[in-house]
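This report concerns only the one structure given below.
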Amino acid sequence: MATPERTVQKYGGTSLGDLDRIRAVAARVKRRWEQGLNVAVVVSAMGGETNRLLALARSLSGEPDARELDVLLSTGEQVSCALLSLALKEQGVPAESLLGHQVRISTDSAHGKARIQSIKVSRIERAFEERKVAVVAGFQGIDSDDNITTLGRGGSDTTAVALAAALGATSCDICTDVDGVYTTDPRTCDQAVRLEKISYDEMLELAGLGAKVLQIRAVECAKRYGVKLRVCSSFGDDEGTWVVPEEEGMEEVLVSGVAFDRDQAKITVKLVPDTPGLAASLFGPLADKGVVVDMIVQNVSADGHTDLTFTVSGEDFSAATNLVQDVAEKVGAGGIDSSDTVAKVSVVGLGMRNHAGVAARMFEVLSDAGINIQMISTSEIKISVVIERDDVDKAVKLLHEAFVEDPGSLAESKPA
Ligand code: ADP
Ligand code: ASP
Ligand code: MG
């Protein structure tokens, strides 16, 4: 008999929000399994559970110990993993729950943002040989010292894609509370439309710029290992959105999506002596503490001093401010200014590679609406701006209108 095809399905928190939903997910998994496929299901914690656990830890400790936090957070996925297995068995489907350490999802030791290094699939293959559905806890792994690690928020997506690669699965479905990847977050803009497919590179940008429908590392992993990745609804049977290698014609679309990240912060180190090594002395300590610096702007001034402004995620804001305060004193800076009420809005599209005018149009749209741009950064296929958080909804709607709903004026303009 031919070996059955393997597939991976991942279900997010909202899709597993209560027992009825868990039963519905079990029924959906059952349909796949009845088609003769070997199915590995990756689960997130039940909706809201990871936040609840985080809040518990934070009410005990201002800066919870990273190792203990991972032990705590990983319990969310342990619960949903066991419950889904029970629900499957109730529906007559043989199933086995497996935690990160049982599958041997090996990671580095970066608690809270660990990277998967390898996955040993033999335990899952054993389950498959017995025609069991393997229900795997997402988001968690184990380091070389047997410590429990977690992969960062949204990390179950990455577990699923990495598992699909390791198993040689024919596809990996990310089943969630929307029926695909949209041109922008459908919860923020009613006019958002579902994309039939999107290139890995555009999806990487969107995910990195705040579209949490997929974790960026999941997309990186899918691109690297050529995993056939699809985002679809947990509740229906629509085709969803395929994330695919770049295809001919994709460049014709100027802007595929508008992404935003409301949770950004901005720090300016003022009047720093403009000497070699300055950036290293400032950003070195931030990197050592794992703070990811995003945009950086340096304003040169005539009198040998300079202002340096950069952004970090809201989560890293207080750690970054404390570190920068110390360095600012050491290097004799004139002080620091900071704001944690900023956000980043970006437009992404392969078509930008050979089309001028997107940036100019973006700035015009924002300026016509009286929205002040505080920082700008560009890459080949994206333009991002930092604006006040209160302006995000308006900016997203206007940019979506200008580039997605009515791209006519730009599309007709001359390619670069
Ligand atoms: P899950 O719990 O299933 O992992 P997430 O909340 O992490 O789900 O991701 C799904 C959410 O991503 C959607 O509910 C939607 O609000 C948001 N989202 C942001 N940008 C987009 C986009 N471009 N397309 C679809 N969903 C998006
Ligand atoms: N439960 C984790 C989170 O809320 C992981 C995930 O949902 O993918 O971030
Ligand atoms: Mg998610």
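Scheme for the structure tokens: letters A, B, ... for chains in order shown; per-chain residue numbers from 1; ligand numbers from 1 in order shown.
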Problem - Test item: residues at most 10 Å from A:Arg28, only C-alpha atoms, excluding those fewer than 3 positions along its chain, as a ChimeraX atom specification - result: /A:22-25,31-33,88,234-237
Please save N, CA, C and O atoms of the selected residues as a PDB file, in the first residue's frame.
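Full text of part-v1.pdb as output:
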```
ATOM      1  N   ILE A  22     -13.409  23.669  19.875  1.00  0.00           N
ATOM      2  CA  ILE A  22     -12.450  22.556  19.843  1.00  0.00           C
ATOM      3  C   ILE A  22     -13.098  21.338  19.171  1.00  0.00           C
ATOM      4  O   ILE A  22     -12.483  20.668  18.341  1.00  0.00           O
ATOM      5  N   ARG A  23     -14.389  21.130  19.478  1.00  0.00           N
ATOM      6  CA  ARG A  23     -15.106  20.018  18.821  1.00  0.00           C
ATOM      7  C   ARG A  23     -15.198  20.259  17.319  1.00  0.00           C
ATOM      8  O   ARG A  23     -15.030  19.342  16.511  1.00  0.00           O
ATOM      9  N   ALA A  24     -15.443  21.529  16.953  1.00  0.00           N
ATOM     10  CA  ALA A  24     -15.567  21.854  15.519  1.00  0.00           C
ATOM     11  C   ALA A  24     -14.220  21.654  14.813  1.00  0.00           C
ATOM     12  O   ALA A  24     -14.168  21.142  13.683  1.00  0.00           O
ATOM     13  N   VAL A  25     -13.147  22.014  15.474  1.00  0.00           N
ATOM     14  CA  VAL A  25     -11.816  21.803  14.888  1.00  0.00           C
ATOM     15  C   VAL A  25     -11.559  20.305  14.729  1.00  0.00           C
ATOM     16  O   VAL A  25     -11.075  19.836  13.690  1.00  0.00           O
ATOM     17  N   ARG A  31     -12.207  15.206   8.925  1.00  0.00           N
ATOM     18  CA  ARG A  31     -12.501  15.137   7.478  1.00  0.00           C
ATOM     19  C   ARG A  31     -11.230  14.899   6.676  1.00  0.00           C
ATOM     20  O   ARG A  31     -11.200  14.119   5.729  1.00  0.00           O
ATOM     21  N   ARG A  32     -10.165  15.567   7.062  1.00  0.00           N
ATOM     22  CA  ARG A  32      -8.875  15.391   6.372  1.00  0.00           C
ATOM     23  C   ARG A  32      -8.365  13.965   6.558  1.00  0.00           C
ATOM     24  O   ARG A  32      -7.914  13.302   5.635  1.00  0.00           O
ATOM     25  N   TRP A  33      -8.451  13.526   7.790  1.00  0.00           N
ATOM     26  CA  TRP A  33      -7.933  12.192   8.154  1.00  0.00           C
ATOM     27  C   TRP A  33      -8.729  11.102   7.416  1.00  0.00           C
ATOM     28  O   TRP A  33      -8.165  10.120   6.931  1.00  0.00           O
ATOM     29  N   LEU A  88     -10.900  14.601  19.491  1.00  0.00           N
ATOM     30  CA  LEU A  88     -10.740  13.727  18.327  1.00  0.00           C
ATOM     31  C   LEU A  88     -11.131  12.295  18.681  1.00  0.00           C
ATOM     32  O   LEU A  88     -11.871  11.626  17.954  1.00  0.00           O
ATOM     33  N   SER A 234     -10.622  28.583   9.867  1.00  0.00           N
ATOM     34  CA  SER A 234     -10.844  27.377  10.677  1.00  0.00           C
ATOM     35  C   SER A 234     -12.292  26.948  10.602  1.00  0.00           C
ATOM     36  O   SER A 234     -12.647  25.856  11.029  1.00  0.00           O
ATOM     37  N   PHE A 235     -13.149  27.848  10.123  1.00  0.00           N
ATOM     38  CA  PHE A 235     -14.585  27.598  10.226  1.00  0.00           C
ATOM     39  C   PHE A 235     -15.225  27.157   8.917  1.00  0.00           C
ATOM     40  O   PHE A 235     -16.250  26.516   8.922  1.00  0.00           O
ATOM     41  N   GLY A 236     -14.607  27.527   7.784  1.00  0.00           N
ATOM     42  CA  GLY A 236     -15.210  27.159   6.503  1.00  0.00           C
ATOM     43  C   GLY A 236     -14.248  26.318   5.678  1.00  0.00           C
ATOM     44  O   GLY A 236     -13.216  25.871   6.180  1.00  0.00           O
ATOM     45  N   ASP A 237     -14.619  26.126   4.410  1.00  0.00           N
ATOM     46  CA  ASP A 237     -13.752  25.317   3.551  1.00  0.00           C
ATOM     47  C   ASP A 237     -13.264  26.103   2.345  1.00  0.00           C
ATOM     48  O   ASP A 237     -12.960  25.541   1.299  1.00  0.00           O
TER      49      ASP A 237
END
```
Practice task
Pick out each residue of stretch 165-243 of chain A that DSSP on the backbone tags as strand (DSSP E or B); I need them as a ChimeraX atom specification.
Solution key: /A:171-176,182,194,197-199,229-233,241-243
Problem - Selection as a ChimeraX atom specification: residues within 10 Å of ligand 3 by only C-alpha atoms and all ligand atoms - result: /A:10-14,44,153-158,174-177,211-215
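Residues in contact range of A:Ala333, defined as at most 9 Å between only C-alpha atoms, with sequence neighbours fewer than 4 positions away removed, read Val269, Lys270, Leu271, Val272, Pro273, His305, Val327, Ala328 and Glu329 of chain A.
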Problem - For A:Val133: contacts at 9 Å, only C-alpha atoms, fewer than 2 positions along chain excluded, given as a PyMOL selection string - result: chain A and resi 29-30+33+38-41+85+88+93-97+124+127-128+130-131+135
Please save C-alpha atoms of the selected residues as a CSV table (one decimal), in the first residue's frame.
```
chain,number,residue,atom,x,y,z
A,29,VAL,CA,-9.4,17.5,11.2
A,30,LYS,CA,-11.4,14.3,11.0
A,33,TRP,CA,-7.9,12.2,8.2
A,38,ASN,CA,-1.7,11.4,7.8
A,39,VAL,CA,-2.4,14.6,9.7
A,40,ALA,CA,-0.2,16.5,12.2
A,41,VAL,CA,-2.2,19.2,13.9
A,85,SER,CA,-6.8,15.0,21.3
A,88,LEU,CA,-10.7,13.7,18.3
A,93,VAL,CA,-10.3,9.4,15.5
A,94,PRO,CA,-7.2,7.9,17.1
A,95,ALA,CA,-5.0,10.8,18.2
A,96,GLU,CA,-2.0,11.4,20.4
A,97,SER,CA,-1.0,14.7,22.0
A,124,ILE,CA,5.2,11.5,14.9
A,127,ALA,CA,1.8,7.8,15.4
A,128,PHE,CA,1.2,7.9,11.6
A,130,GLU,CA,-0.8,3.6,13.7
A,131,ARG,CA,-3.0,6.0,11.6
A,135,VAL,CA,-1.6,16.7,17.9
```
Fill in the blank from the handout: Computed gap from atom CA of A:Asp263 to atom CA of A:Asp340 is 7.9 Å
Practice task
Find the residues around stretch 200-209 of chain A up to 7 Å (only C-alpha atoms counted), leave out those fewer than 5 positions away in its own chain, and share them as a PyMOL selection string.
Solution key: chain A and resi 214-216+219-220+223+243-245+259-261+346+348-350
Same residues, N, CA and C atoms, output as a PDB file, in the first residue's frame:
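So result.pdb came out as:
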```pdb
ATOM      1  N   LEU A 214       0.437  35.921  10.047  1.00  0.00           N
ATOM      2  CA  LEU A 214       1.498  34.894  10.035  1.00  0.00           C
ATOM      3  C   LEU A 214       2.704  35.438  10.796  1.00  0.00           C
ATOM      4  N   GLN A 215       3.357  34.581  11.568  1.00  0.00           N
ATOM      5  CA  GLN A 215       4.594  35.023  12.220  1.00  0.00           C
ATOM      6  C   GLN A 215       5.699  35.054  11.171  1.00  0.00           C
ATOM      7  N   ILE A 216       6.529  36.085  11.206  1.00  0.00           N
ATOM      8  CA  ILE A 216       7.541  36.249  10.148  1.00  0.00           C
ATOM      9  C   ILE A 216       8.454  35.019  10.037  1.00  0.00           C
ATOM     10  N   VAL A 219       7.134  32.392   7.799  1.00  0.00           N
ATOM     11  CA  VAL A 219       7.261  32.680   6.366  1.00  0.00           C
ATOM     12  C   VAL A 219       8.710  32.442   5.914  1.00  0.00           C
ATOM     13  N   GLU A 220       9.649  32.854   6.736  1.00  0.00           N
ATOM     14  CA  GLU A 220      11.076  32.602   6.425  1.00  0.00           C
ATOM     15  C   GLU A 220      11.324  31.116   6.228  1.00  0.00           C
ATOM     16  N   LYS A 223       9.723  29.757   3.038  1.00  0.00           N
ATOM     17  CA  LYS A 223      10.477  30.146   1.840  1.00  0.00           C
ATOM     18  C   LYS A 223      11.748  29.290   1.718  1.00  0.00           C
ATOM     19  N   VAL A 243       0.697  31.140  -0.060  1.00  0.00           N
ATOM     20  CA  VAL A 243       1.936  31.924  -0.032  1.00  0.00           C
ATOM     21  C   VAL A 243       2.922  31.165  -0.918  1.00  0.00           C
ATOM     22  N   VAL A 244       3.354  31.801  -1.991  1.00  0.00           N
ATOM     23  CA  VAL A 244       4.041  31.052  -3.055  1.00  0.00           C
ATOM     24  C   VAL A 244       5.324  31.753  -3.511  1.00  0.00           C
ATOM     25  N   PRO A 245       6.205  31.039  -4.230  1.00  0.00           N
ATOM     26  CA  PRO A 245       7.357  31.723  -4.829  1.00  0.00           C
ATOM     27  C   PRO A 245       6.860  32.764  -5.828  1.00  0.00           C
ATOM     28  N   ALA A 259       0.323  47.411   5.765  1.00  0.00           N
ATOM     29  CA  ALA A 259       0.501  46.795   7.090  1.00  0.00           C
ATOM     30  C   ALA A 259       0.723  47.896   8.123  1.00  0.00           C
ATOM     31  N   PHE A 260       0.459  47.568   9.368  1.00  0.00           N
ATOM     32  CA  PHE A 260       0.714  48.566  10.410  1.00  0.00           C
ATOM     33  C   PHE A 260       1.056  47.883  11.716  1.00  0.00           C
ATOM     34  N   ASP A 261       1.805  48.605  12.517  1.00  0.00           N
ATOM     35  CA  ASP A 261       2.174  48.122  13.840  1.00  0.00           C
ATOM     36  C   ASP A 261       1.931  49.278  14.807  1.00  0.00           C
ATOM     37  N   SER A 346       2.935  50.864   6.655  1.00  0.00           N
ATOM     38  CA  SER A 346       3.778  50.524   5.504  1.00  0.00           C
ATOM     39  C   SER A 346       2.936  50.090   4.320  1.00  0.00           C
ATOM     40  N   VAL A 348       3.370  47.677   0.849  1.00  0.00           N
ATOM     41  CA  VAL A 348       4.247  46.606   0.374  1.00  0.00           C
ATOM     42  C   VAL A 348       3.795  46.139  -1.004  1.00  0.00           C
ATOM     43  N   GLY A 349       4.742  45.972  -1.921  1.00  0.00           N
ATOM     44  CA  GLY A 349       4.365  45.423  -3.226  1.00  0.00           C
ATOM     45  C   GLY A 349       5.575  45.191  -4.122  1.00  0.00           C
ATOM     46  N   LEU A 350       5.570  44.041  -4.807  1.00  0.00           N
ATOM     47  CA  LEU A 350       6.680  43.729  -5.716  1.00  0.00           C
ATOM     48  C   LEU A 350       6.779  44.777  -6.830  1.00  0.00           C
TER      49      LEU A 350
END
```
Practice task
Write out as a ChimeraX atom specification all residues of stretch 263-340 of chain A that DSSP puts in helix (DSSP H, G or I) for this structure's backbone.
Solution key: /A:278-288,314-330
Go ahead and write the selection's residues with N, CA and C atoms as a compact mmCIF listing (two decimals), in the first residue's frame.
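The result, written out as out23.txt:
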```txt
# COMPACT_ATOMS: atom_id res chain seq x y z
N LEU A 278 30.41 56.16 17.70
CA LEU A 278 29.24 56.57 18.48
C LEU A 278 28.08 55.57 18.35
N ALA A 279 27.76 55.23 17.10
CA ALA A 279 26.63 54.33 16.88
C ALA A 279 26.90 52.99 17.56
N ALA A 280 28.15 52.53 17.49
CA ALA A 280 28.49 51.24 18.12
C ALA A 280 28.28 51.31 19.62
N SER A 281 28.69 52.45 20.24
CA SER A 281 28.56 52.51 21.69
C SER A 281 27.10 52.62 22.11
N LEU A 282 26.27 53.12 21.22
CA LEU A 282 24.85 53.25 21.54
C LEU A 282 24.08 51.95 21.28
N PHE A 283 24.31 51.38 20.08
CA PHE A 283 23.49 50.24 19.69
C PHE A 283 24.04 48.90 20.19
N GLY A 284 25.34 48.87 20.52
CA GLY A 284 25.94 47.63 21.06
C GLY A 284 25.19 47.15 22.29
N PRO A 285 25.06 48.02 23.33
CA PRO A 285 24.38 47.56 24.56
C PRO A 285 22.92 47.15 24.31
N LEU A 286 22.27 47.80 23.35
CA LEU A 286 20.87 47.42 23.05
C LEU A 286 20.84 46.02 22.46
N ALA A 287 21.76 45.76 21.52
CA ALA A 287 21.81 44.44 20.89
C ALA A 287 22.12 43.38 21.94
N ASP A 288 23.05 43.70 22.85
CA ASP A 288 23.43 42.72 23.89
C ASP A 288 22.23 42.32 24.73
N GLY A 314 7.16 48.65 21.28
CA GLY A 314 6.66 49.17 22.54
C GLY A 314 7.09 48.29 23.72
N GLU A 315 7.17 46.99 23.44
CA GLU A 315 7.54 46.02 24.48
C GLU A 315 8.95 46.30 25.02
N ASP A 316 9.85 46.75 24.13
CA ASP A 316 11.24 46.97 24.54
C ASP A 316 11.49 48.41 25.00
N PHE A 317 10.42 49.23 25.01
CA PHE A 317 10.62 50.66 25.22
C PHE A 317 11.32 50.98 26.54
N SER A 318 10.82 50.42 27.65
CA SER A 318 11.40 50.87 28.92
C SER A 318 12.83 50.34 29.07
N ALA A 319 13.09 49.11 28.65
CA ALA A 319 14.47 48.58 28.73
C ALA A 319 15.38 49.44 27.86
N ALA A 320 14.93 49.80 26.67
CA ALA A 320 15.76 50.58 25.75
C ALA A 320 16.03 51.97 26.32
N THR A 321 15.00 52.59 26.89
CA THR A 321 15.17 53.94 27.45
C THR A 321 16.20 53.91 28.57
N ASN A 322 16.11 52.91 29.45
CA ASN A 322 17.07 52.84 30.56
C ASN A 322 18.50 52.67 30.06
N LEU A 323 18.68 51.78 29.09
CA LEU A 323 20.02 51.54 28.56
C LEU A 323 20.58 52.80 27.88
N VAL A 324 19.71 53.44 27.09
CA VAL A 324 20.17 54.60 26.32
C VAL A 324 20.49 55.76 27.26
N GLN A 325 19.73 55.89 28.32
CA GLN A 325 20.00 56.94 29.31
C GLN A 325 21.44 56.82 29.82
N ASP A 326 21.83 55.59 30.17
CA ASP A 326 23.20 55.35 30.67
C ASP A 326 24.23 55.74 29.64
N VAL A 327 24.03 55.23 28.40
CA VAL A 327 25.03 55.50 27.36
C VAL A 327 25.08 56.99 27.06
N ALA A 328 23.92 57.66 27.04
CA ALA A 328 23.88 59.09 26.71
C ALA A 328 24.74 59.87 27.70
N GLU A 329 24.66 59.49 28.97
CA GLU A 329 25.49 60.19 29.97
C GLU A 329 26.96 59.95 29.70
N LYS A 330 27.29 58.67 29.40
CA LYS A 330 28.71 58.32 29.17
C LYS A 330 29.31 59.07 28.00
```
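The coordinates place atom 7 (O, counted along the ligand's line) of ligand 2 at 18.8 Å from atom CA of A:Ser106.
Take the candidates A:Gly168, A:Gly210, A:Gly76, A:Gly240 and check each one against ligand 1 using only C-alpha atoms and all ligand atoms; the shortest distance goes to A:Gly210.
Nearest residue to A:Pro186 among A:Gly335, A:Gly257, A:Pro407, A:Gly100 is A:Gly257, counting only C-alpha atoms.
For the set A:Leu229, A:Cys189, A:Leu72, A:Val103, the residue with the smallest atom-to-atom gap to ligand 1 is A:Cys189, counting only C-alpha atoms and all ligand atoms.
Our summary of the geometry notes that atom CA of A:Gln102 is positioned 9.8 Å from atom CA of A:Ala137.
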Exercise for the section: Would you list the contacts of stretch 360-374 of chain A as an MDAnalysis selection string, taking every protein, DNA or RNA residue within 8 Å and counting only C-alpha atoms, but skipping same-chain residues closer than 6 positions in sequence? Expected result: chainID A and resid 385:388 391 395 398:399 402
